Amino acid sequence: MKVLIDTNVVLDVLLLRRPFAEAATRVLALVEESKIQGFLCATTVTTIDYLLGQALPPNDARAALKRLLDLCEIAPVNRPVLEQALLSSVSDFEDAVLEQSARLVDADIIATRNLADFKKSTVPALDPQELLAALEEGRIDSSR
C-alpha cells in the first residue's frame, strides 16, 4: 500500500507534538518495517526543512531530514501536477498539490490530520489513527 504522508503528520513525529505524535510515529514505523510504502510530496520536504530549521539546531534539522529521505520515497511536483492542482476540487492549492502528487505515484491513501481540506480529494484521506485502525481491522489491505 502506498501512503502519501502529509507535512503535519511528519512534524508531529519530528517535533513530538502531543497528542498526535504516537499515531504518527506508528505510521512511520510501518514504513520503516516495509509494511506500507511511504511517500512525501516534494513540497513537504522543503517545508519540513524550513520549519525544522526554526525549531532545531541546523545539524539536528538536517539529520532529521536525511532520515526522512532515507525512509520515504518522494512524490514529485512537476508542471502537470501543478496544472491539475489548479483544476482540483480541493480548494486549498497546497493540499491540491499534495492530492495530485499522490495521484502521480498512485498512492492509496493520504495520511493527514487535515481531513477537512481533503474531503473532495480523489485520493482518500485518513488521519493516522484512522489509518492504523483500518489496517489493524483489515478494512484496507497493506499488501497492495
# chains A, B, ... in the order shown; residues from 1 in each chain; ligands from 1

call {"tool": "closest_atom_pairs", "arguments": {"of": "range 32-60 of chain A", "to": "range 87-96 of chain A", "cutoff": "12 Å", "atoms": "only C-alpha atoms", "output": "CSV"}}
result
residue,atom,partner,partner_atom,distance
A:Cys41,CA,A:Asp95,CA,10.3
A:Ala42,CA,A:Glu94,CA,11.5
A:Thr43,CA,A:Glu94,CA,8.6
A:Thr44,CA,A:Glu94,CA,9.7
A:Thr47,CA,A:Glu94,CA,11.1

call {"tool": "select_by_dssp", "arguments": {"residues": "chain A", "states": "strand (DSSP E or B)", "output": "compact mmCIF listing (two decimals) with N, CA and C atoms, in the first residue's frame"}}
result
# COMPACT_ATOMS: atom_id res chain seq x y z
N LYS A 2 0.50 2.19 -0.83
CA LYS A 2 1.24 3.45 -0.92
C LYS A 2 0.49 4.53 -0.15
N VAL A 3 1.22 5.19 0.73
CA VAL A 3 0.63 6.24 1.57
C VAL A 3 1.45 7.52 1.42
N LEU A 4 0.79 8.58 0.97
CA LEU A 4 1.45 9.90 0.95
C LEU A 4 1.23 10.51 2.34
N ILE A 5 2.32 10.86 2.99
CA ILE A 5 2.27 11.35 4.36
C ILE A 5 2.36 12.87 4.33
N GLN A 37 4.32 1.53 1.94
CA GLN A 37 5.31 2.34 1.24
C GLN A 37 4.97 3.80 1.48
N GLY A 38 5.88 4.52 2.09
CA GLY A 38 5.65 5.91 2.44
C GLY A 38 6.20 6.86 1.40
N PHE A 39 5.42 7.88 1.10
CA PHE A 39 5.82 8.93 0.17
C PHE A 39 5.68 10.28 0.85
N LEU A 40 6.57 11.17 0.52
CA LEU A 40 6.46 12.57 0.90
C LEU A 40 6.34 13.37 -0.39
N CYS A 41 5.45 14.33 -0.40
CA CYS A 41 5.38 15.25 -1.53
C CYS A 41 6.66 16.09 -1.52
N GLU A 73 9.92 7.56 -0.03
CA GLU A 73 10.08 7.94 -1.43
C GLU A 73 9.54 9.36 -1.59
N ILE A 74 9.89 9.99 -2.68
CA ILE A 74 9.43 11.36 -2.94
C ILE A 74 8.41 11.34 -4.08
N ALA A 75 7.26 11.92 -3.82
CA ALA A 75 6.24 12.10 -4.85
C ALA A 75 6.52 13.44 -5.52
N ILE A 109 -3.72 6.20 -0.15
CA ILE A 109 -4.21 6.99 0.97
C ILE A 109 -3.31 8.20 1.16
N ILE A 110 -3.90 9.30 1.61
CA ILE A 110 -3.14 10.44 2.12
C ILE A 110 -3.31 10.41 3.63
N ALA A 111 -2.22 10.31 4.36
CA ALA A 111 -2.26 10.35 5.82
C ALA A 111 -2.09 11.79 6.25
N ALA A 125 -8.36 10.35 2.18
CA ALA A 125 -7.50 10.83 3.27
C ALA A 125 -7.99 10.24 4.59
N LEU A 126 -7.04 9.81 5.39
CA LEU A 126 -7.31 9.31 6.73
C LEU A 126 -6.33 9.94 7.69

call {"tool": "closest_residue", "arguments": {"among": "A:Val10, A:Ile140, A:Val77, A:Ala85", "to": "Ile48 in chain A", "atoms": "only C-alpha atoms"}}
result
A:Val10

call {"tool": "atom_distance", "arguments": {"atom1": "CA of Leu115 in chain A", "atom2": "CA of Asp127 in chain A"}}
result
6.9 Å

call {"tool": "residues_around", "arguments": {"residues": "Asp12 in chain A", "least_positions_apart": "2", "cutoff": "10 Å", "atoms": "only C-alpha atoms", "output": "list in words"}}
result
Thr7, Asn8, Val9, Val10, Leu14, Leu15, Leu16, Arg17, Arg18, Pro19, Phe20, Ala21, Glu22, Ala23, Ala24, Thr25 and Arg113 of chain A

call {"tool": "select_by_dssp", "arguments": {"residues": "chain A", "states": "alpha helix (DSSP H)", "output": "VMD selection string"}}
result
chain A and resid 7 to 14 21 to 32 42 to 55 58 to 71 79 to 87 93 to 104 128 to 136

call {"tool": "atom_distance", "arguments": {"atom1": "CA of Thr122 in chain A", "atom2": "CA of Tyr50 in chain A"}}
result
28.5 Å

call {"tool": "atom_distance", "arguments": {"atom1": "CA of Leu132 in chain A", "atom2": "CA of Ile36 in chain A"}}
result
11.0 Å

call {"tool": "residues_around", "arguments": {"residues": "range 59-69 of chain A", "least_positions_apart": "6", "cutoff": "7 Å", "atoms": "only C-alpha atoms", "output": "PyMOL selection string"}}
result
chain A and resi 49+52-53

call {"tool": "write_last_selection", "arguments": {"atoms": "C-alpha atoms", "output": "PDB file, in the first residue's frame"}}
result
ATOM      1  CA  ASP A  49      13.376  21.753   6.245  1.00  0.00           C
ATOM      2  CA  LEU A  52      12.773  22.254  11.480  1.00  0.00           C
ATOM      3  CA  GLY A  53      15.350  24.986  10.937  1.00  0.00           C
TER       4      GLY A  53
END
